[in-house]
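Text of work37.pdb (PDB, C-alpha atoms, pLDDT in the B column) as supplied:
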```pdb
ATOM      1  CA  MET J 248     151.382  81.007  79.568  1.00 47.00           C
ATOM      2  CA  SER J 249     149.051  78.578  81.333  1.00 46.00           C
ATOM      3  CA  PRO J 250     145.688  79.638  82.876  1.00 46.00           C
ATOM      4  CA  ARG J 251     147.044  78.841  86.355  1.00 47.00           C
ATOM      5  CA  ALA J 252     150.080  81.057  85.821  1.00 45.00           C
ATOM      6  CA  SER J 253     147.990  83.944  84.507  1.00 43.00           C
ATOM      7  CA  ARG J 254     145.578  83.743  87.450  1.00 47.00           C
ATOM      8  CA  ALA J 255     148.488  83.907  89.869  1.00 52.00           C
ATOM      9  CA  ALA J 256     150.039  86.935  88.153  1.00 63.00           C
ATOM     10  CA  THR J 257     150.320  90.007  90.389  1.00 70.00           C
ATOM     11  CA  GLY J 258     152.365  93.177  90.490  1.00 79.00           C
ATOM     12  CA  ARG J 259     154.390  94.697  87.710  1.00 82.00           C
ATOM     13  CA  ALA J 260     156.059  91.387  86.845  1.00 87.00           C
ATOM     14  CA  GLY J 261     152.637  89.778  86.592  1.00 86.00           C
ATOM     15  CA  ARG J 262     151.388  92.607  84.383  1.00 86.00           C
ATOM     16  CA  LEU J 263     154.396  92.133  82.083  1.00 91.00           C
ATOM     17  CA  ARG J 264     153.761  88.392  81.818  1.00 91.00           C
ATOM     18  CA  LEU J 265     150.092  88.991  81.061  1.00 92.00           C
ATOM     19  CA  CYS J 266     150.926  91.612  78.407  1.00 93.00           C
ATOM     20  CA  ARG J 267     153.300  89.209  76.731  1.00 93.00           C
ATOM     21  CA  GLY J 268     150.799  86.377  76.904  1.00 94.00           C
ATOM     22  CA  LEU J 269     148.035  88.541  75.472  1.00 95.00           C
ATOM     23  CA  ALA J 270     150.251  89.739  72.628  1.00 96.00           C
ATOM     24  CA  THR J 271     151.172  86.143  71.824  1.00 96.00           C
ATOM     25  CA  ALA J 272     147.531  85.044  71.853  1.00 96.00           C
ATOM     26  CA  LEU J 273     146.467  87.919  69.592  1.00 96.00           C
ATOM     27  CA  ARG J 274     149.296  87.238  67.172  1.00 97.00           C
ATOM     28  CA  GLY J 275     148.451  83.524  67.182  1.00 96.00           C
ATOM     29  CA  ALA J 276     144.781  84.224  66.452  1.00 97.00           C
ATOM     30  CA  ASP J 277     145.740  86.497  63.543  1.00 97.00           C
ATOM     31  CA  LEU J 278     148.034  83.831  62.071  1.00 96.00           C
ATOM     32  CA  LEU J 279     145.411  81.129  62.486  1.00 97.00           C
ATOM     33  CA  GLU J 280     142.795  83.289  60.772  1.00 97.00           C
ATOM     34  CA  ARG J 281     145.193  83.824  57.856  1.00 97.00           C
ATOM     35  CA  LYS J 282     145.756  80.072  57.685  1.00 96.00           C
ATOM     36  CA  LEU J 283     141.995  79.512  57.753  1.00 97.00           C
ATOM     37  CA  ARG J 284     141.435  81.882  54.825  1.00 97.00           C
ATOM     38  CA  LEU J 285     144.107  80.121  52.759  1.00 97.00           C
ATOM     39  CA  LEU J 286     142.699  76.693  53.560  1.00 97.00           C
ATOM     40  CA  LEU J 287     139.147  77.704  52.684  1.00 97.00           C
ATOM     41  CA  ASP J 288     140.277  79.313  49.435  1.00 97.00           C
ATOM     42  CA  ARG J 289     142.195  76.200  48.369  1.00 96.00           C
ATOM     43  CA  GLU J 290     139.297  73.963  49.430  1.00 97.00           C
ATOM     44  CA  HIS J 291     136.920  76.030  47.292  1.00 97.00           C
ATOM     45  CA  THR J 292     139.275  75.659  44.319  1.00 96.00           C
ATOM     46  CA  ALA J 293     139.453  71.890  44.862  1.00 96.00           C
ATOM     47  CA  ARG J 294     135.643  71.628  45.066  1.00 97.00           C
ATOM     48  CA  ARG J 295     135.255  73.485  41.757  1.00 96.00           C
ATOM     49  CA  ALA J 296     137.872  71.280  40.128  1.00 96.00           C
ATOM     50  CA  ALA J 297     136.082  68.179  41.446  1.00 96.00           C
ATOM     51  CA  GLU J 298     132.797  69.385  39.955  1.00 96.00           C
ATOM     52  CA  GLU J 299     134.448  69.927  36.569  1.00 95.00           C
ATOM     53  CA  ALA J 300     136.103  66.496  36.736  1.00 94.00           C
ATOM     54  CA  HIS J 301     132.749  64.936  37.615  1.00 96.00           C
ATOM     55  CA  ARG J 302     131.134  66.491  34.541  1.00 95.00           C
ATOM     56  CA  ALA J 303     134.031  65.360  32.347  1.00 94.00           C
ATOM     57  CA  TRP J 304     133.759  61.848  33.789  1.00 94.00           C
ATOM     58  CA  ASP J 305     130.015  61.661  33.137  1.00 95.00           C
ATOM     59  CA  GLU J 306     130.410  62.922  29.576  1.00 95.00           C
ATOM     60  CA  ALA J 307     133.351  60.657  28.724  1.00 93.00           C
ATOM     61  CA  LEU J 308     131.677  57.620  30.264  1.00 94.00           C
ATOM     62  CA  ALA J 309     128.425  58.214  28.390  1.00 96.00           C
ATOM     63  CA  ASP J 310     130.363  58.764  25.158  1.00 95.00           C
ATOM     64  CA  ALA J 311     132.412  55.611  25.725  1.00 93.00           C
ATOM     65  CA  ASP J 312     129.348  53.491  26.477  1.00 94.00           C
ATOM     66  CA  THR J 313     127.709  54.715  23.263  1.00 95.00           C
ATOM     67  CA  TRP J 314     130.747  53.872  21.131  1.00 94.00           C
ATOM     68  CA  LEU J 315     131.155  50.541  22.890  1.00 92.00           C
ATOM     69  CA  LEU J 316     127.593  49.562  22.086  1.00 93.00           C
ATOM     70  CA  ARG J 317     128.111  50.489  18.442  1.00 93.00           C
ATOM     71  CA  GLY J 318     131.368  48.583  18.313  1.00 90.00           C
ATOM     72  CA  VAL J 319     129.835  45.444  19.814  1.00 89.00           C
ATOM     73  CA  LEU J 320     126.895  45.654  17.426  1.00 90.00           C
ATOM     74  CA  LEU J 321     129.320  45.900  14.498  1.00 89.00           C
ATOM     75  CA  GLY J 322     131.882  43.316  15.544  1.00 85.00           C
ATOM     76  CA  GLY J 323     130.352  41.261  18.348  1.00 82.00           C
ATOM     77  CA  GLU J 324     131.691  40.597  21.841  1.00 79.00           C
ATOM     78  CA  ARG J 325     134.669  38.665  20.471  1.00 79.00           C
ATOM     79  CA  ALA J 326     135.868  41.808  18.745  1.00 76.00           C
ATOM     80  CA  LEU J 327     135.711  43.601  22.117  1.00 73.00           C
ATOM     81  CA  ALA J 328     137.761  40.895  23.850  1.00 71.00           C
ATOM     82  CA  ARG J 329     140.408  40.943  21.111  1.00 71.00           C
ATOM     83  CA  ALA J 330     140.664  44.753  21.177  1.00 67.00           C
ATOM     84  CA  ALA J 331     141.434  45.091  24.908  1.00 67.00           C
ATOM     85  CA  PRO J 332     145.160  45.646  25.593  1.00 66.00           C
ATOM     86  CA  VAL J 333     146.868  43.398  28.109  1.00 60.00           C
ATOM     87  CA  ASP J 334     148.500  46.307  29.960  1.00 69.00           C
ATOM     88  CA  ARG J 335     146.577  48.479  32.460  1.00 77.00           C
ATOM     89  CA  VAL J 336     146.271  52.212  33.021  1.00 82.00           C
ATOM     90  CA  ARG J 337     148.755  53.534  35.578  1.00 87.00           C
ATOM     91  CA  VAL J 338     147.661  56.433  37.767  1.00 90.00           C
ATOM     92  CA  ASP J 339     150.210  58.471  39.723  1.00 93.00           C
ATOM     93  CA  ILE J 340     149.267  61.136  42.279  1.00 93.00           C
ATOM     94  CA  ARG J 341     151.487  64.154  42.886  1.00 94.00           C
ATOM     95  CA  TRP J 342     151.145  65.534  46.409  1.00 96.00           C
ATOM     96  CA  ALA J 343     151.530  69.065  47.741  1.00 95.00           C
ATOM     97  CA  ALA J 344     151.341  70.754  51.130  1.00 95.00           C
ATOM     98  CA  LEU J 345     149.521  73.896  52.216  1.00 93.00           C
ATOM     99  CA  MET J 346     149.993  75.208  55.762  1.00 90.00           C
ATOM    100  CA  GLY J 347     151.094  71.745  56.843  1.00 91.00           C
ATOM    101  CA  VAL J 348     148.230  69.907  55.119  1.00 94.00           C
ATOM    102  CA  ARG J 349     149.455  67.273  52.648  1.00 96.00           C
ATOM    103  CA  HIS J 350     146.927  66.717  49.868  1.00 96.00           C
ATOM    104  CA  PRO J 351     146.705  65.460  46.260  1.00 95.00           C
ATOM    105  CA  ALA J 352     147.653  68.217  43.826  1.00 93.00           C
ATOM    106  CA  ALA J 353     147.774  66.604  40.380  1.00 92.00           C
ATOM    107  CA  VAL J 354     147.119  63.341  38.578  1.00 93.00           C
ATOM    108  CA  GLU J 355     149.175  61.681  35.888  1.00 92.00           C
ATOM    109  CA  CYS J 356     147.650  58.843  33.887  1.00 89.00           C
ATOM    110  CA  ALA J 357     149.739  56.569  31.689  1.00 87.00           C
ATOM    111  CA  ALA J 358     147.590  54.835  29.062  1.00 80.00           C
ATOM    112  CA  PRO J 359     148.266  51.167  28.322  1.00 78.00           C
ATOM    113  CA  VAL J 360     150.558  50.511  25.383  1.00 77.00           C
ATOM    114  CA  ARG J 361     149.842  47.698  22.975  1.00 76.00           C
ATOM    115  CA  SER J 362     152.653  45.422  22.012  1.00 76.00           C
ATOM    116  CA  PRO J 363     153.107  44.769  18.291  1.00 77.00           C
ATOM    117  CA  GLU J 364     151.622  41.310  18.798  1.00 76.00           C
ATOM    118  CA  GLU J 365     148.376  42.594  20.312  1.00 77.00           C
ATOM    119  CA  PRO J 366     145.435  43.217  17.960  1.00 77.00           C
ATOM    120  CA  THR J 367     143.987  46.695  17.523  1.00 80.00           C
ATOM    121  CA  PRO J 368     140.248  47.477  17.631  1.00 82.00           C
ATOM    122  CA  SER J 369     138.538  45.831  14.678  1.00 83.00           C
ATOM    123  CA  ASN J 370     136.292  48.812  13.933  1.00 89.00           C
ATOM    124  CA  THR J 371     136.253  52.573  14.335  1.00 91.00           C
ATOM    125  CA  ALA J 372     133.548  52.500  16.997  1.00 92.00           C
ATOM    126  CA  LEU J 373     135.695  50.393  19.333  1.00 90.00           C
ATOM    127  CA  ALA J 374     138.656  52.705  18.729  1.00 89.00           C
ATOM    128  CA  HIS J 375     136.521  55.685  19.731  1.00 92.00           C
ATOM    129  CA  ALA J 376     135.267  53.769  22.773  1.00 90.00           C
ATOM    130  CA  GLU J 377     138.851  53.059  23.861  1.00 87.00           C
ATOM    131  CA  THR J 378     139.764  56.751  23.630  1.00 89.00           C
ATOM    132  CA  ALA J 379     136.646  57.790  25.530  1.00 92.00           C
ATOM    133  CA  TYR J 380     137.213  55.243  28.295  1.00 90.00           C
ATOM    134  CA  ARG J 381     140.757  56.508  28.755  1.00 89.00           C
ATOM    135  CA  ALA J 382     139.388  60.029  29.161  1.00 92.00           C
ATOM    136  CA  ALA J 383     136.837  58.717  31.655  1.00 92.00           C
ATOM    137  CA  VAL J 384     139.534  56.981  33.714  1.00 92.00           C
ATOM    138  CA  ARG J 385     141.584  60.156  33.824  1.00 92.00           C
ATOM    139  CA  ALA J 386     138.552  62.235  34.828  1.00 93.00           C
ATOM    140  CA  ALA J 387     137.669  59.709  37.547  1.00 94.00           C
ATOM    141  CA  ALA J 388     141.212  59.866  38.922  1.00 95.00           C
ATOM    142  CA  GLU J 389     141.144  63.670  38.893  1.00 95.00           C
ATOM    143  CA  LEU J 390     137.746  63.652  40.589  1.00 96.00           C
ATOM    144  CA  ALA J 391     139.051  61.387  43.358  1.00 96.00           C
ATOM    145  CA  ALA J 392     142.183  63.497  43.827  1.00 96.00           C
ATOM    146  CA  HIS J 393     140.323  66.824  43.957  1.00 97.00           C
ATOM    147  CA  GLN J 394     137.680  65.407  46.296  1.00 97.00           C
ATOM    148  CA  ALA J 395     140.317  63.982  48.632  1.00 97.00           C
ATOM    149  CA  ALA J 396     142.188  67.300  48.623  1.00 97.00           C
ATOM    150  CA  ALA J 397     139.007  69.223  49.413  1.00 97.00           C
ATOM    151  CA  ASP J 398     138.137  66.868  52.279  1.00 97.00           C
ATOM    152  CA  LEU J 399     141.619  67.044  53.808  1.00 97.00           C
ATOM    153  CA  LEU J 400     141.690  70.840  53.562  1.00 97.00           C
ATOM    154  CA  ALA J 401     138.182  71.127  54.989  1.00 97.00           C
ATOM    155  CA  ALA J 402     139.100  68.957  57.978  1.00 97.00           C
ATOM    156  CA  GLU J 403     142.140  71.115  58.769  1.00 97.00           C
ATOM    157  CA  ALA J 404     140.081  74.278  58.262  1.00 97.00           C
ATOM    158  CA  GLU J 405     137.561  73.057  60.836  1.00 97.00           C
ATOM    159  CA  ARG J 406     140.327  72.296  63.353  1.00 97.00           C
ATOM    160  CA  THR J 407     141.816  75.742  62.734  1.00 97.00           C
ATOM    161  CA  ARG J 408     138.410  77.390  63.125  1.00 97.00           C
ATOM    162  CA  ARG J 409     137.959  75.729  66.524  1.00 97.00           C
ATOM    163  CA  ARG J 410     141.375  76.962  67.666  1.00 96.00           C
ATOM    164  CA  VAL J 411     140.580  80.523  66.560  1.00 97.00           C
ATOM    165  CA  ARG J 412     137.246  80.353  68.352  1.00 96.00           C
ATOM    166  CA  ALA J 413     138.911  79.157  71.549  1.00 96.00           C
ATOM    167  CA  LEU J 414     141.399  82.030  71.411  1.00 96.00           C
ATOM    168  CA  ARG J 415     138.927  84.776  70.464  1.00 95.00           C
ATOM    169  CA  ARG J 416     136.058  83.720  72.739  1.00 94.00           C
ATOM    170  CA  HIS J 417     137.826  82.318  75.779  1.00 94.00           C
ATOM    171  CA  TRP J 418     141.569  82.684  76.151  1.00 94.00           C
ATOM    172  CA  ILE J 419     142.031  86.279  74.929  1.00 95.00           C
ATOM    173  CA  PRO J 420     139.063  87.688  76.929  1.00 95.00           C
ATOM    174  CA  ARG J 421     140.353  85.872  80.024  1.00 94.00           C
ATOM    175  CA  LEU J 422     143.818  87.363  79.614  1.00 93.00           C
ATOM    176  CA  GLN J 423     142.335  90.807  79.017  1.00 93.00           C
ATOM    177  CA  ALA J 424     140.200  90.527  82.155  1.00 92.00           C
ATOM    178  CA  GLU J 425     143.131  89.338  84.267  1.00 91.00           C
ATOM    179  CA  LEU J 426     145.349  92.097  82.897  1.00 91.00           C
ATOM    180  CA  GLY J 427     142.677  94.663  83.715  1.00 90.00           C
ATOM    181  CA  ALA J 428     142.405  93.338  87.279  1.00 89.00           C
ATOM    182  CA  VAL J 429     146.181  93.466  87.757  1.00 90.00           C
ATOM    183  CA  GLU J 430     146.357  97.012  86.385  1.00 86.00           C
ATOM    184  CA  LEU J 431     143.543  98.132  88.729  1.00 88.00           C
ATOM    185  CA  ALA J 432     145.350  96.545  91.662  1.00 86.00           C
ATOM    186  CA  LEU J 433     148.580  98.288  90.673  1.00 83.00           C
ATOM    187  CA  GLU J 434     146.784 101.605  90.302  1.00 80.00           C
ATOM    188  CA  ALA J 435     145.200 101.202  93.730  1.00 77.00           C
ATOM    189  CA  ALA J 436     148.547 100.243  95.275  1.00 72.00           C
ATOM    190  CA  GLU J 437     150.255 103.260  93.688  1.00 72.00           C
ATOM    191  CA  HIS J 438     147.479 105.528  94.948  1.00 69.00           C
ATOM    192  CA  GLU J 439     147.835 104.151  98.468  1.00 71.00           C
ATOM    193  CA  GLU J 440     151.593 104.583  98.293  1.00 69.00           C
ATOM    194  CA  ALA J 441     151.165 108.201  97.182  1.00 67.00           C
ATOM    195  CA  VAL J 442     148.776 108.868 100.085  1.00 67.00           C
ATOM    196  CA  ARG J 443     151.225 107.340 102.573  1.00 73.00           C
ATOM    197  CA  ARG J 444     154.058 109.471 101.208  1.00 71.00           C
ATOM    198  CA  ARG J 445     152.018 112.668 101.490  1.00 69.00           C
ATOM    199  CA  TRP J 446     150.992 111.716 105.007  1.00 76.00           C
ATOM    200  CA  ALA J 447     154.583 110.920 105.949  1.00 65.00           C
ATOM    201  CA  ALA J 448     155.803 114.171 104.383  1.00 65.00           C
ATOM    202  CA  GLY J 449     153.162 116.118 106.347  1.00 63.00           C
ATOM    203  CA  ARG J 450     154.245 114.592 109.642  1.00 64.00           C
ATOM    204  CA  ALA J 451     157.885 115.265 108.890  1.00 63.00           C
ATOM    205  CA  GLY J 452     157.073 118.946 108.176  1.00 58.00           C
ATOM    206  CA  ARG J 453     155.436 119.339 111.578  1.00 59.00           C
TER     207      ARG J 453
END
```

How does the structure come out when it is put into C-alpha cells?
Amino acid sequence: MSPRASRAATGRAGRLRLCRGLATALRGADLLERKLRLLLDREHTARRAAEEAHRAWDEALADADTWLLRGVLLGGERALARAAPVDRVRVDIRWAALMGVRHPAAVECAAPVRSPEEPTPSNTALAHAETAYRAAVRAAAELAAHQAAADLLAAEAERTRRRVRALRRHWIPRLQAELGAVELALEAAEHEEAVRRRWAAGRAGR
C-alpha cells in the first residue's frame, strides 16, 4: 500500500486496507529482523575465521622464511631456483548463499606437482620451506575468502538494518496513526448515526 493510498483511506473499506497494510508491514519488519540476525551471526563467524586464517598465515610465512634462509645458506640461490616447481598453486573458491547474499564459503588449494624430470629440493631446509609456503598460500586464500564473505554479509546487513529502521520508525507508525484516525472517524460517524436514529424514532413515536 502506498503512502498516498493510505492517506486517502476512509470508511470501513479504508480501515480494512489499513489493517492489511499494517499487518504486512509488521510481518515484513519481523522477517527482516530475522534476516538481520542471521546475517550478523554469519558475519561474526566469518570474521573469527578470518582472524584465525590471518594468524595461520603469519605463522606459516614466518616459518617458511626461516627455512628458506637456512636452505639458501646451505645450498645457495641456485639450489633455490632448481627446487622451484614449474607448475603453480591453483586456488578454487566454493560459493554459498545466505538470505540471498552470495559469498565465499570454502577454499580448495591444489599444490603444484613436480614432473619426474623436475629436481627436488637439494636440502631438508628447502623442503620444509616449500611445505610452509604452501600452508601460507592456503591460509592467505582462506583469509581473503573469509574477509570477502564478512564484507559482503556486513553490507547486506546494513541495507537490511536501514529497511527495518524505515519500517519501525516511519512506515508502521504512520499506518498506525492513519488507522487510528479512520477508526475515530468511524466511531464518530456511528455515534452520529445512532443519535439520528434515536431522534427519528422519537419523532415517529409522537

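Relative to atom CA of J:Arg335, atom CA of J:Thr371 is found at 21.3 Å.
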
Any idea what's packed within 9 Å of J:Ala296, counting only C-alpha atoms, ignoring anything in its chain fewer than 3 positions away? Could you give it as a PyMOL selection string? chain J and resi 291-293+299-301+389-390+393-394

For the provided coordinates, the residues matched by the PyMOL selection byres ((chain J and resi 397) around 10) should be stated as JSON, numbers by chain. {"J": [286, 287, 289, 290, 291, 292, 293, 294, 295, 296, 297, 350, 351, 391, 392, 393, 394, 395, 396, 398, 399, 400, 401, 402]}

So which residues get picked by the PyMOL selection byres ((chain J and resi 279) around 8) here, written as number ranges by chain? J: 275-278, 280-283, 407-408, 410-411

Could you make a table, as a Markdown table, of the residues of stretch 348-391 of chain J that have an atom within 12 Å of an atom of stretch 319-324 of chain J, each with its nearest atom pair and distance in Å to one decimal, counting only C-alpha atoms, in chain and number order?
```
| residue | atom | partner | partner_atom | distance |
| --- | --- | --- | --- | --- |
| J:Pro368 | CA | J:Gly322 | CA | 9.6 |
| J:Ser369 | CA | J:Gly322 | CA | 7.2 |
| J:Asn370 | CA | J:Gly322 | CA | 7.2 |
| J:Thr371 | CA | J:Leu321 | CA | 9.6 |
| J:Ala372 | CA | J:Leu321 | CA | 8.2 |
| J:Leu373 | CA | J:Val319 | CA | 7.7 |
| J:Ala374 | CA | J:Val319 | CA | 11.5 |
| J:Ala376 | CA | J:Val319 | CA | 10.4 |
```

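Among the candidates J:Ala270, J:Ala303, J:Leu265, J:Leu316, the residue lying nearest to J:His375 is J:Leu316 (atoms considered: all atoms listed in the file).
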
Can you find the residues with an atom no farther than 12 Å from (141.0, 87.9, 75.9), counting all atoms listed in the file, and report them as JSON, numbers by chain? {"J": [250, 253, 265, 266, 268, 269, 270, 271, 272, 273, 276, 411, 412, 413, 414, 415, 416, 417, 418, 419, 420, 421, 422, 423, 424, 425, 426, 427]}

To one decimal place in Å, what is the distance between atom CA of J:Asp312 and atom CA of J:Ala352? 29.2 Å

Since I can't run it myself right now, could you work out what the PyMOL selection byres ((chain J and resi 258) around 8) selects here and report it as number ranges by chain? J: 256-257, 259-262, 429, 432-433

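For the set J:Ala379, J:Ala428, J:Met346, J:Ala404, the residue with the smallest atom-to-atom gap to J:Trp304 is J:Ala379, counting only C-alpha atoms.
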
Where's the centre, and what are the edge lengths in Å to one decimal, of a box along x, y and z enclosing all listed atoms of stretch 373-388 of chain J padded 8 Å per side, as JSON?
```
{"center_x": 138.4, "center_y": 56.3, "center_z": 28.8, "size_x": 22.3, "size_y": 27.8, "size_z": 36.2}
```

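One distance worth recording is that between atom CA of J:Ala326 and atom CA of J:Ala307, which is 21.5 Å.
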
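Omitting stretch 338-344 of chain J and its sequence neighbours fewer than 4 positions away, and counting only C-alpha atoms, the residues within 9 Å are Val348, Arg349, His350, Pro351, Ala352, Ala353, Val354, Glu355, Cys356, Ala357, Ala358, Arg385, Ala388 and Ala392 of chain J.
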
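Counting all atoms listed in the file, the residue from J:Arg325, J:Arg381, J:Arg264, J:Arg361 that sits nearest to J:Ala311 is J:Arg381.
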
Across J:Glu298, J:Glu306, J:Ala382, J:Pro366, the smallest distance to J:Val336, with all atoms listed in the file counted, is shown by J:Ala382
